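> Starting off with a structure, shown below.
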Amino acid sequence: MGLFKRLRDVFGGTEGSIQRSIYPFRVRCLRCKEIISGQVDLKNDLSVDYERNRYVVRKLVSGSGANRCFQSIEVRLTFDMNKNLVDREIFGGEFVDDPAAH
Ligand SMILES: [Zn+2]
């Protein structure tokens, strides 16, 4: 465990600052169970919802087609003005939370 933590500190320290503007996510297609990675560019992809004082983004992701499934999965993410995730919705899939990502 000690080694793992040290490795995470090393990598987290360098990547964290570079990738700060990227919010990665992983979803699983409900139809074929394929796990698909996507990401949100927090600098370019967000729209401001002035009524709620929130950033919102809508993303469509689809699988590789390896399972002959071409379903699009819609992900809607809401961030507060500090770009912390506060809400999320998904259609056609489900979120896969990676414990190592946080
Ligand atoms: Zn699928």
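Please note that chains go A, B, ... in the order of the structure tokens, that every chain numbers its residues from 1, and that ligands are numbered from 1 in the order shown.
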Collect all residues with atoms no farther than 6 Å from ligand 1, counting only C-alpha atoms and all ligand atoms, and output them as a PyMOL selection string.
chain A and resi 29+31-32+34+63+69-71
> Give me the residues near A:Ile35 as a VMD selection string, where near means some atom within 10 Å (using only C-alpha atoms) and where sequence neighbours in that chain fewer than 5 positions away do not count.
chain A and resid 26 to 30 62 to 64 93 to 96
> Give me, as a list in words, all polymer residues having an atom no more than 8 Å from A:Phe91, counting only C-alpha atoms and skipping those fewer than 4 positions away in the same chain.
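Listing them by chain and then by number gives Ile73, Glu74 and Val75 of chain A.
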> May I have all residues of stretch 36-98 of chain A that DSSP, computed from the backbone, assigns to strand (DSSP E or B), given as a ChimeraX atom specification?
/A:36-41,47-49,54-62,72-79,85-91,93-95
> Show me, as a PDB file with N, CA, C and O atoms, in the first residue's frame, the residues that have an atom within 10 Å of stretch 47-57 of chain A when counting only C-alpha atoms, minus same-chain residues fewer than 5 positions from it.

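File around13.pdb, as written:
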ATOM      1  N   VAL A  40     -14.560  15.644 -20.711  1.00  0.00           N
ATOM      2  CA  VAL A  40     -15.083  16.982 -20.923  1.00  0.00           C
ATOM      3  C   VAL A  40     -13.920  17.959 -20.806  1.00  0.00           C
ATOM      4  O   VAL A  40     -13.128  17.877 -19.875  1.00  0.00           O
ATOM      5  N   ASP A  41     -13.821  18.844 -21.766  1.00  0.00           N
ATOM      6  CA  ASP A  41     -12.823  19.909 -21.698  1.00  0.00           C
ATOM      7  C   ASP A  41     -13.449  21.075 -20.932  1.00  0.00           C
ATOM      8  O   ASP A  41     -14.353  21.743 -21.422  1.00  0.00           O
ATOM      9  N   LEU A  42     -12.978  21.243 -19.717  1.00  0.00           N
ATOM     10  CA  LEU A  42     -13.619  22.240 -18.843  1.00  0.00           C
ATOM     11  C   LEU A  42     -13.393  23.670 -19.327  1.00  0.00           C
ATOM     12  O   LEU A  42     -14.043  24.598 -18.860  1.00  0.00           O
ATOM     13  N   VAL A  75     -24.601  11.881 -21.925  1.00  0.00           N
ATOM     14  CA  VAL A  75     -24.169  12.221 -20.575  1.00  0.00           C
ATOM     15  C   VAL A  75     -24.379  13.719 -20.391  1.00  0.00           C
ATOM     16  O   VAL A  75     -23.974  14.509 -21.237  1.00  0.00           O
ATOM     17  N   ARG A  76     -25.015  14.090 -19.314  1.00  0.00           N
ATOM     18  CA  ARG A  76     -25.188  15.511 -18.994  1.00  0.00           C
ATOM     19  C   ARG A  76     -24.554  15.767 -17.634  1.00  0.00           C
ATOM     20  O   ARG A  76     -24.908  15.129 -16.646  1.00  0.00           O
ATOM     21  N   LEU A  77     -23.625  16.689 -17.616  1.00  0.00           N
ATOM     22  CA  LEU A  77     -22.901  16.989 -16.387  1.00  0.00           C
ATOM     23  C   LEU A  77     -23.147  18.434 -15.999  1.00  0.00           C
ATOM     24  O   LEU A  77     -23.241  19.311 -16.858  1.00  0.00           O
ATOM     25  N   THR A  78     -23.249  18.655 -14.715  1.00  0.00           N
ATOM     26  CA  THR A  78     -23.430  20.009 -14.190  1.00  0.00           C
ATOM     27  C   THR A  78     -22.295  20.304 -13.217  1.00  0.00           C
ATOM     28  O   THR A  78     -21.985  19.491 -12.342  1.00  0.00           O
ATOM     29  N   PHE A  79     -21.679  21.452 -13.395  1.00  0.00           N
ATOM     30  CA  PHE A  79     -20.580  21.876 -12.522  1.00  0.00           C
ATOM     31  C   PHE A  79     -20.950  23.200 -11.867  1.00  0.00           C
ATOM     32  O   PHE A  79     -21.668  24.023 -12.458  1.00  0.00           O
ATOM     33  N   ASP A  80     -20.427  23.388 -10.671  1.00  0.00           N
ATOM     34  CA  ASP A  80     -20.618  24.705 -10.066  1.00  0.00           C
ATOM     35  C   ASP A  80     -19.599  25.682 -10.646  1.00  0.00           C
ATOM     36  O   ASP A  80     -18.804  25.318 -11.517  1.00  0.00           O
ATOM     37  N   MET A  81     -19.637  26.916 -10.190  1.00  0.00           N
ATOM     38  CA  MET A  81     -18.785  27.926 -10.811  1.00  0.00           C
ATOM     39  C   MET A  81     -17.295  27.701 -10.532  1.00  0.00           C
ATOM     40  O   MET A  81     -16.443  28.320 -11.152  1.00  0.00           O
ATOM     41  N   ASN A  82     -16.992  26.819  -9.599  1.00  0.00           N
ATOM     42  CA  ASN A  82     -15.596  26.418  -9.386  1.00  0.00           C
ATOM     43  C   ASN A  82     -15.243  25.159 -10.164  1.00  0.00           C
ATOM     44  O   ASN A  82     -14.182  24.568  -9.959  1.00  0.00           O
ATOM     45  N   LYS A  83     -16.149  24.745 -11.026  1.00  0.00           N
ATOM     46  CA  LYS A  83     -15.960  23.579 -11.881  1.00  0.00           C
ATOM     47  C   LYS A  83     -15.822  22.278 -11.096  1.00  0.00           C
ATOM     48  O   LYS A  83     -15.067  21.385 -11.457  1.00  0.00           O
ATOM     49  N   ASN A  84     -16.562  22.211 -10.006  1.00  0.00           N
ATOM     50  CA  ASN A  84     -16.710  20.950  -9.296  1.00  0.00           C
ATOM     51  C   ASN A  84     -18.021  20.310  -9.738  1.00  0.00           C
ATOM     52  O   ASN A  84     -19.044  20.997  -9.820  1.00  0.00           O
ATOM     53  N   LEU A  85     -17.964  19.008  -9.992  1.00  0.00           N
ATOM     54  CA  LEU A  85     -19.168  18.316 -10.445  1.00  0.00           C
ATOM     55  C   LEU A  85     -20.219  18.331  -9.348  1.00  0.00           C
ATOM     56  O   LEU A  85     -19.937  17.979  -8.200  1.00  0.00           O
ATOM     57  N   VAL A  86     -21.426  18.743  -9.672  1.00  0.00           N
ATOM     58  CA  VAL A  86     -22.496  18.765  -8.676  1.00  0.00           C
ATOM     59  C   VAL A  86     -23.679  17.893  -9.080  1.00  0.00           C
ATOM     60  O   VAL A  86     -24.488  17.527  -8.245  1.00  0.00           O
ATOM     61  N   ASP A  87     -23.791  17.570 -10.359  1.00  0.00           N
ATOM     62  CA  ASP A  87     -24.926  16.753 -10.770  1.00  0.00           C
ATOM     63  C   ASP A  87     -24.577  16.061 -12.085  1.00  0.00           C
ATOM     64  O   ASP A  87     -23.783  16.585 -12.871  1.00  0.00           O
ATOM     65  N   ARG A  88     -25.179  14.891 -12.297  1.00  0.00           N
ATOM     66  CA  ARG A  88     -24.937  14.203 -13.557  1.00  0.00           C
ATOM     67  C   ARG A  88     -26.117  13.314 -13.884  1.00  0.00           C
ATOM     68  O   ARG A  88     -26.787  12.774 -13.007  1.00  0.00           O
TER      69      ARG A  88
END
> When you count only C-alpha atoms, which of these residues is closest to A:Asn67: A:Asn44, A:Gln39, A:Pro24, A:Lys33?
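Looking at the shortest contact to A:Asn67, the residue is A:Lys33.
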> Please indicate the distance in Å from atom CA of A:Glu89 to atom CA of A:Arg58, rounded to one decimal place.
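Between atom CA of A:Glu89 and atom CA of A:Arg58 the gap is 9.5 Å.
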> When distances are computed from only C-alpha atoms, which of A:Asp97, A:Val61, A:Gly92, A:Tyr23 shows the smallest separation from A:Leu46?
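Closest candidate: A:Tyr23.
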